[in-house]
Amino acid sequence: MDKILELLARLLPEFVVQPVTQRIQGVDSKRIDLPSATGADYFFQLWLEPGMQISAELTAPDSDINYFWYRPFESAEFRDSMEALDAAFCETLENLLTHETRIIQKNGWLNWYFKCEYRAADRRRRIYGHSALKLGGWKTPKIDGKTHVYHSTALVQRA
C-alpha cells in the first residue's frame, strides 16, 4: 500500500487520500475513490481489501448498476509475488491516470463485455477486459445498440 500512496502523492499532490471502509455482503472492504477528470464518464476506484482491484464507476451513477469495468490483481497471476503484484498495480494505475482512457461495453447474445484501453502515442493499449453472463442477474448500464464507448481524458497531465 505504501507504493500506491507514494504514486498518488507524486501524481496527484493535492488529492487527499481518504479510504472508504465498508461491509459488503459480510466482508470488510477498503477502497480509495479517485477524482474524475473534467467531463469524464467515469472515475477509478482502488480496492485494497479484501483483494486488490482497480474498478471504474460512472460519474452519473445509477443506483441499480452493480457491474461495470474492473481489473482484479490476484496473487496467483503474479506467482504469489507481492512485489510483482504491487508493481503491476502501480503501473496500471499510472497508465490510467496519465493517459486518455476509454471503456467499451458490448452487448452480446449471452454476455456483457467490458474492456478498458488507454491511448499511448497514436495507438490504443489494452488494460483489461472481462465479461458477465446476462443470466447472472448483473445490472449493467443500459446502452442503445450493441456497443457503447465511455471516455475519460487523462487526470494527470504529463510535463
# chains A, B, ... in the order shown; residues from 1 in each chain; ligands from 1
call {"tool": "residues_around", "arguments": {"residues": "range 60-69 of chain A", "least_positions_apart": "4", "cutoff": "10 Å", "atoms": "only C-alpha atoms", "output": "PyMOL selection string"}}
result
chain A and resi 40-42+44+54-56+103-105+112-116+128-132+137-142
call {"tool": "write_last_selection", "arguments": {"atoms": "N, CA and C atoms", "output": "mmCIF file, in the first residue's frame"}}
result
data_model
loop_
_atom_site.group_PDB
_atom_site.id
_atom_site.type_symbol
_atom_site.label_atom_id
_atom_site.label_comp_id
_atom_site.auth_asym_id
_atom_site.auth_seq_id
_atom_site.Cartn_x
_atom_site.Cartn_y
_atom_site.Cartn_z
ATOM 1 N N ALA A 40 -15.362 13.601 -17.661
ATOM 2 C CA ALA A 40 -15.224 12.143 -17.787
ATOM 3 C C ALA A 40 -16.549 11.437 -17.536
ATOM 4 N N ASP A 41 -16.710 10.298 -18.169
ATOM 5 C CA ASP A 41 -17.894 9.473 -17.966
ATOM 6 C C ASP A 41 -17.766 8.596 -16.719
ATOM 7 N N TYR A 42 -16.551 8.440 -16.206
ATOM 8 C CA TYR A 42 -16.303 7.552 -15.068
ATOM 9 C C TYR A 42 -15.093 8.035 -14.280
ATOM 10 N N PHE A 44 -12.046 6.262 -11.311
ATOM 11 C CA PHE A 44 -11.476 4.995 -10.879
ATOM 12 C C PHE A 44 -11.516 4.858 -9.363
ATOM 13 N N ILE A 54 -8.671 -2.537 -9.390
ATOM 14 C CA ILE A 54 -8.985 -1.194 -9.862
ATOM 15 C C ILE A 54 -10.299 -1.316 -10.620
ATOM 16 N N SER A 55 -11.252 -0.483 -10.284
ATOM 17 C CA SER A 55 -12.535 -0.520 -10.975
ATOM 18 C C SER A 55 -12.905 0.883 -11.426
ATOM 19 N N ALA A 56 -13.899 0.943 -12.270
ATOM 20 C CA ALA A 56 -14.427 2.229 -12.730
ATOM 21 C C ALA A 56 -15.869 2.345 -12.271
ATOM 22 N N ILE A 103 -13.599 2.983 -21.965
ATOM 23 C CA ILE A 103 -14.167 1.691 -21.587
ATOM 24 C C ILE A 103 -15.231 1.372 -22.620
ATOM 25 N N ILE A 104 -15.109 0.205 -23.215
ATOM 26 C CA ILE A 104 -16.044 -0.224 -24.248
ATOM 27 C C ILE A 104 -16.951 -1.304 -23.658
ATOM 28 N N GLN A 105 -18.247 -1.066 -23.733
ATOM 29 C CA GLN A 105 -19.240 -2.034 -23.275
ATOM 30 C C GLN A 105 -19.922 -2.611 -24.506
ATOM 31 N N TRP A 112 -22.382 -9.683 -21.318
ATOM 32 C CA TRP A 112 -21.954 -8.300 -21.415
ATOM 33 C C TRP A 112 -20.434 -8.338 -21.447
ATOM 34 N N TYR A 113 -19.824 -7.534 -22.298
ATOM 35 C CA TYR A 113 -18.373 -7.473 -22.388
ATOM 36 C C TYR A 113 -17.907 -6.057 -22.044
ATOM 37 N N PHE A 114 -16.815 -5.973 -21.292
ATOM 38 C CA PHE A 114 -16.217 -4.694 -20.920
ATOM 39 C C PHE A 114 -14.722 -4.758 -21.181
ATOM 40 N N LYS A 115 -14.187 -3.689 -21.732
ATOM 41 C CA LYS A 115 -12.753 -3.615 -21.998
ATOM 42 C C LYS A 115 -12.308 -2.179 -21.767
ATOM 43 N N CYS A 116 -11.133 -2.014 -21.141
ATOM 44 C CA CYS A 116 -10.564 -0.688 -20.910
ATOM 45 C C CYS A 116 -9.260 -0.580 -21.676
ATOM 46 N N TYR A 128 -7.415 -4.259 -19.653
ATOM 47 C CA TYR A 128 -8.038 -5.499 -19.204
ATOM 48 C C TYR A 128 -9.453 -5.568 -19.759
ATOM 49 N N GLY A 129 -9.922 -6.768 -20.017
ATOM 50 C CA GLY A 129 -11.284 -6.989 -20.464
ATOM 51 C C GLY A 129 -11.887 -8.184 -19.751
ATOM 52 N N HIS A 130 -13.189 -8.201 -19.638
ATOM 53 C CA HIS A 130 -13.889 -9.306 -18.986
ATOM 54 C C HIS A 130 -15.331 -9.334 -19.466
ATOM 55 N N SER A 131 -16.043 -10.366 -19.107
ATOM 56 C CA SER A 131 -17.448 -10.478 -19.485
ATOM 57 C C SER A 131 -18.275 -10.962 -18.303
ATOM 58 N N ALA A 132 -19.572 -10.772 -18.416
ATOM 59 C CA ALA A 132 -20.515 -11.220 -17.393
ATOM 60 C C ALA A 132 -21.703 -11.879 -18.087
ATOM 61 N N GLY A 137 -27.801 -12.165 -13.365
ATOM 62 C CA GLY A 137 -28.515 -11.176 -12.574
ATOM 63 C C GLY A 137 -27.784 -9.858 -12.399
ATOM 64 N N TRP A 138 -26.671 -9.675 -13.122
ATOM 65 C CA TRP A 138 -25.923 -8.418 -13.010
ATOM 66 C C TRP A 138 -26.710 -7.286 -13.637
ATOM 67 N N LYS A 139 -26.586 -6.113 -13.051
ATOM 68 C CA LYS A 139 -27.241 -4.922 -13.591
ATOM 69 C C LYS A 139 -26.153 -4.014 -14.164
ATOM 70 N N THR A 140 -26.067 -3.988 -15.474
ATOM 71 C CA THR A 140 -25.068 -3.183 -16.172
ATOM 72 C C THR A 140 -25.720 -1.894 -16.668
ATOM 73 N N PRO A 141 -24.919 -0.905 -17.073
ATOM 74 C CA PRO A 141 -25.517 0.292 -17.655
ATOM 75 C C PRO A 141 -26.336 -0.067 -18.896
ATOM 76 N N LYS A 142 -27.468 0.560 -19.043
ATOM 77 C CA LYS A 142 -28.293 0.330 -20.233
ATOM 78 C C LYS A 142 -27.674 1.099 -21.399
#
call {"tool": "select_by_dssp", "arguments": {"residues": "range 19-94 of chain A", "states": "strand (DSSP E or B)", "output": "VMD selection string"}}
result
chain A and resid 20 to 24 27 to 33 42 to 49 52 to 58 70 to 73
call {"tool": "residues_around", "arguments": {"residues": "Thr101 in chain A", "least_positions_apart": "5", "cutoff": "6 Å", "atoms": "only C-alpha atoms", "output": "ChimeraX atom specification"}}
result
/A:117-118,152
call {"tool": "write_last_selection", "arguments": {"atoms": "N, CA and C atoms", "output": "PDB file, in the first residue's frame"}}
result
ATOM      1  N   GLU A 117      -9.091   0.559 -22.332  1.00  0.00           N
ATOM      2  CA  GLU A 117      -7.873   0.841 -23.096  1.00  0.00           C
ATOM      3  C   GLU A 117      -7.388   2.243 -22.768  1.00  0.00           C
ATOM      4  N   TYR A 118      -6.118   2.465 -22.998  1.00  0.00           N
ATOM      5  CA  TYR A 118      -5.581   3.825 -22.884  1.00  0.00           C
ATOM      6  C   TYR A 118      -4.847   4.165 -24.161  1.00  0.00           C
ATOM      7  N   SER A 152     -12.663   9.134 -20.875  1.00  0.00           N
ATOM      8  CA  SER A 152     -12.099   9.996 -19.855  1.00  0.00           C
ATOM      9  C   SER A 152     -10.777  10.551 -20.371  1.00  0.00           C
TER      10      SER A 152
END
call {"tool": "residues_around", "arguments": {"residues": "range 74-82 of chain A", "least_positions_apart": "3", "cutoff": "12 Å", "atoms": "only C-alpha atoms", "output": "list of chain:residue names"}}
result
A:Met1, A:Lys3, A:Leu48, A:Glu49, A:Pro50, A:Gly51, A:Met52, A:Gln53, A:Ile54, A:Arg71, A:Leu85, A:Asp86, A:Ala87, A:Ala88, A:Phe89
call {"tool": "write_last_selection", "arguments": {"atoms": "C-alpha atoms", "output": "compact mmCIF listing (two decimals), in the first residue's frame"}}
result
# COMPACT_ATOMS: atom_id res chain seq x y z
CA MET A 1 0.00 0.00 0.00
CA LYS A 3 3.91 2.30 -3.07
CA LEU A 48 -7.25 -2.50 -1.34
CA GLU A 49 -9.13 -5.03 0.80
CA PRO A 50 -10.12 -7.82 0.76
CA GLY A 51 -8.30 -8.12 -2.58
CA MET A 52 -6.56 -5.60 -4.81
CA GLN A 53 -8.54 -4.32 -7.76
CA ILE A 54 -8.99 -1.19 -9.86
CA ARG A 71 -9.23 -5.15 -13.24
CA LEU A 85 1.59 -7.63 -7.93
CA ASP A 86 2.28 -4.20 -6.38
CA ALA A 87 4.42 -3.20 -9.38
CA ALA A 88 1.70 -4.23 -11.86
CA PHE A 89 -0.98 -2.43 -9.83
call {"tool": "closest_residue", "arguments": {"among": "A:Asp144, A:Asp28, A:Leu96, A:Leu11", "to": "Leu46 in chain A", "atoms": "only C-alpha atoms"}}
result
A:Leu96
call {"tool": "decode", "arguments": {"residues": "range 22-85 of chain A", "atoms": "C-alpha atoms", "output": "mmCIF file, in the first residue's frame"}}
result
data_model
loop_
_atom_site.group_PDB
_atom_site.id
_atom_site.type_symbol
_atom_site.label_atom_id
_atom_site.label_comp_id
_atom_site.auth_asym_id
_atom_site.auth_seq_id
_atom_site.Cartn_x
_atom_site.Cartn_y
_atom_site.Cartn_z
ATOM 1 C CA GLN A 22 -17.498 -0.568 4.400
ATOM 2 C CA ARG A 23 -19.005 -4.004 4.868
ATOM 3 C CA ILE A 24 -20.274 -5.584 1.648
ATOM 4 C CA GLN A 25 -22.130 -8.889 1.925
ATOM 5 C CA GLY A 26 -20.497 -9.570 5.278
ATOM 6 C CA VAL A 27 -16.942 -8.777 4.123
ATOM 7 C CA ASP A 28 -14.992 -5.710 5.213
ATOM 8 C CA SER A 29 -13.625 -3.737 2.277
ATOM 9 C CA LYS A 30 -11.393 -0.710 1.870
ATOM 10 C CA ARG A 31 -11.146 1.455 -1.240
ATOM 11 C CA ILE A 32 -9.930 4.836 -2.396
ATOM 12 C CA ASP A 33 -12.192 6.812 -4.744
ATOM 13 C CA LEU A 34 -10.073 8.877 -7.112
ATOM 14 C CA PRO A 35 -11.295 12.159 -8.581
ATOM 15 C CA SER A 36 -12.655 12.157 -12.111
ATOM 16 C CA ALA A 37 -11.154 14.077 -14.988
ATOM 17 C CA THR A 38 -13.162 17.052 -16.231
ATOM 18 C CA GLY A 39 -16.046 15.814 -18.391
ATOM 19 C CA ALA A 40 -15.224 12.143 -17.787
ATOM 20 C CA ASP A 41 -17.894 9.473 -17.966
ATOM 21 C CA TYR A 42 -16.303 7.552 -15.068
ATOM 22 C CA PHE A 43 -13.737 7.684 -12.279
ATOM 23 C CA PHE A 44 -11.476 4.995 -10.879
ATOM 24 C CA GLN A 45 -11.623 3.265 -7.522
ATOM 25 C CA LEU A 46 -8.698 1.469 -5.920
ATOM 26 C CA TRP A 47 -9.853 -1.546 -3.931
ATOM 27 C CA LEU A 48 -7.246 -2.501 -1.340
ATOM 28 C CA GLU A 49 -9.127 -5.033 0.797
ATOM 29 C CA PRO A 50 -10.121 -7.824 0.765
ATOM 30 C CA GLY A 51 -8.301 -8.123 -2.582
ATOM 31 C CA MET A 52 -6.563 -5.601 -4.815
ATOM 32 C CA GLN A 53 -8.543 -4.318 -7.760
ATOM 33 C CA ILE A 54 -8.985 -1.194 -9.862
ATOM 34 C CA SER A 55 -12.535 -0.520 -10.975
ATOM 35 C CA ALA A 56 -14.427 2.229 -12.730
ATOM 36 C CA GLU A 57 -17.615 3.841 -11.521
ATOM 37 C CA LEU A 58 -19.841 6.002 -13.708
ATOM 38 C CA THR A 59 -19.852 9.693 -12.795
ATOM 39 C CA ALA A 60 -23.616 9.789 -13.353
ATOM 40 C CA PRO A 61 -24.427 6.906 -11.023
ATOM 41 C CA ASP A 62 -27.495 4.762 -11.311
ATOM 42 C CA SER A 63 -28.262 3.047 -8.024
ATOM 43 C CA ASP A 64 -29.287 -0.090 -9.909
ATOM 44 C CA ILE A 65 -25.915 -0.684 -11.615
ATOM 45 C CA ASN A 66 -23.806 -3.322 -9.883
ATOM 46 C CA TYR A 67 -21.488 -4.383 -12.698
ATOM 47 C CA PHE A 68 -19.066 -2.303 -14.758
ATOM 48 C CA TRP A 69 -15.378 -2.466 -15.725
ATOM 49 C CA TYR A 70 -12.750 -3.680 -13.249
ATOM 50 C CA ARG A 71 -9.231 -5.146 -13.239
ATOM 51 C CA PRO A 72 -8.519 -7.692 -10.488
ATOM 52 C CA PHE A 73 -4.969 -8.263 -9.240
ATOM 53 C CA GLU A 74 -4.775 -11.790 -7.877
ATOM 54 C CA SER A 75 -1.610 -13.209 -6.350
ATOM 55 C CA ALA A 76 -1.763 -16.383 -8.482
ATOM 56 C CA GLU A 77 -1.392 -14.258 -11.643
ATOM 57 C CA PHE A 78 1.910 -12.986 -10.265
ATOM 58 C CA ARG A 79 3.125 -16.357 -8.942
ATOM 59 C CA ASP A 80 2.366 -15.221 -5.394
ATOM 60 C CA SER A 81 4.932 -12.404 -5.630
ATOM 61 C CA MET A 82 3.552 -9.397 -3.753
ATOM 62 C CA GLU A 83 6.328 -7.241 -5.243
ATOM 63 C CA ALA A 84 5.250 -8.157 -8.796
ATOM 64 C CA LEU A 85 1.587 -7.628 -7.927
#
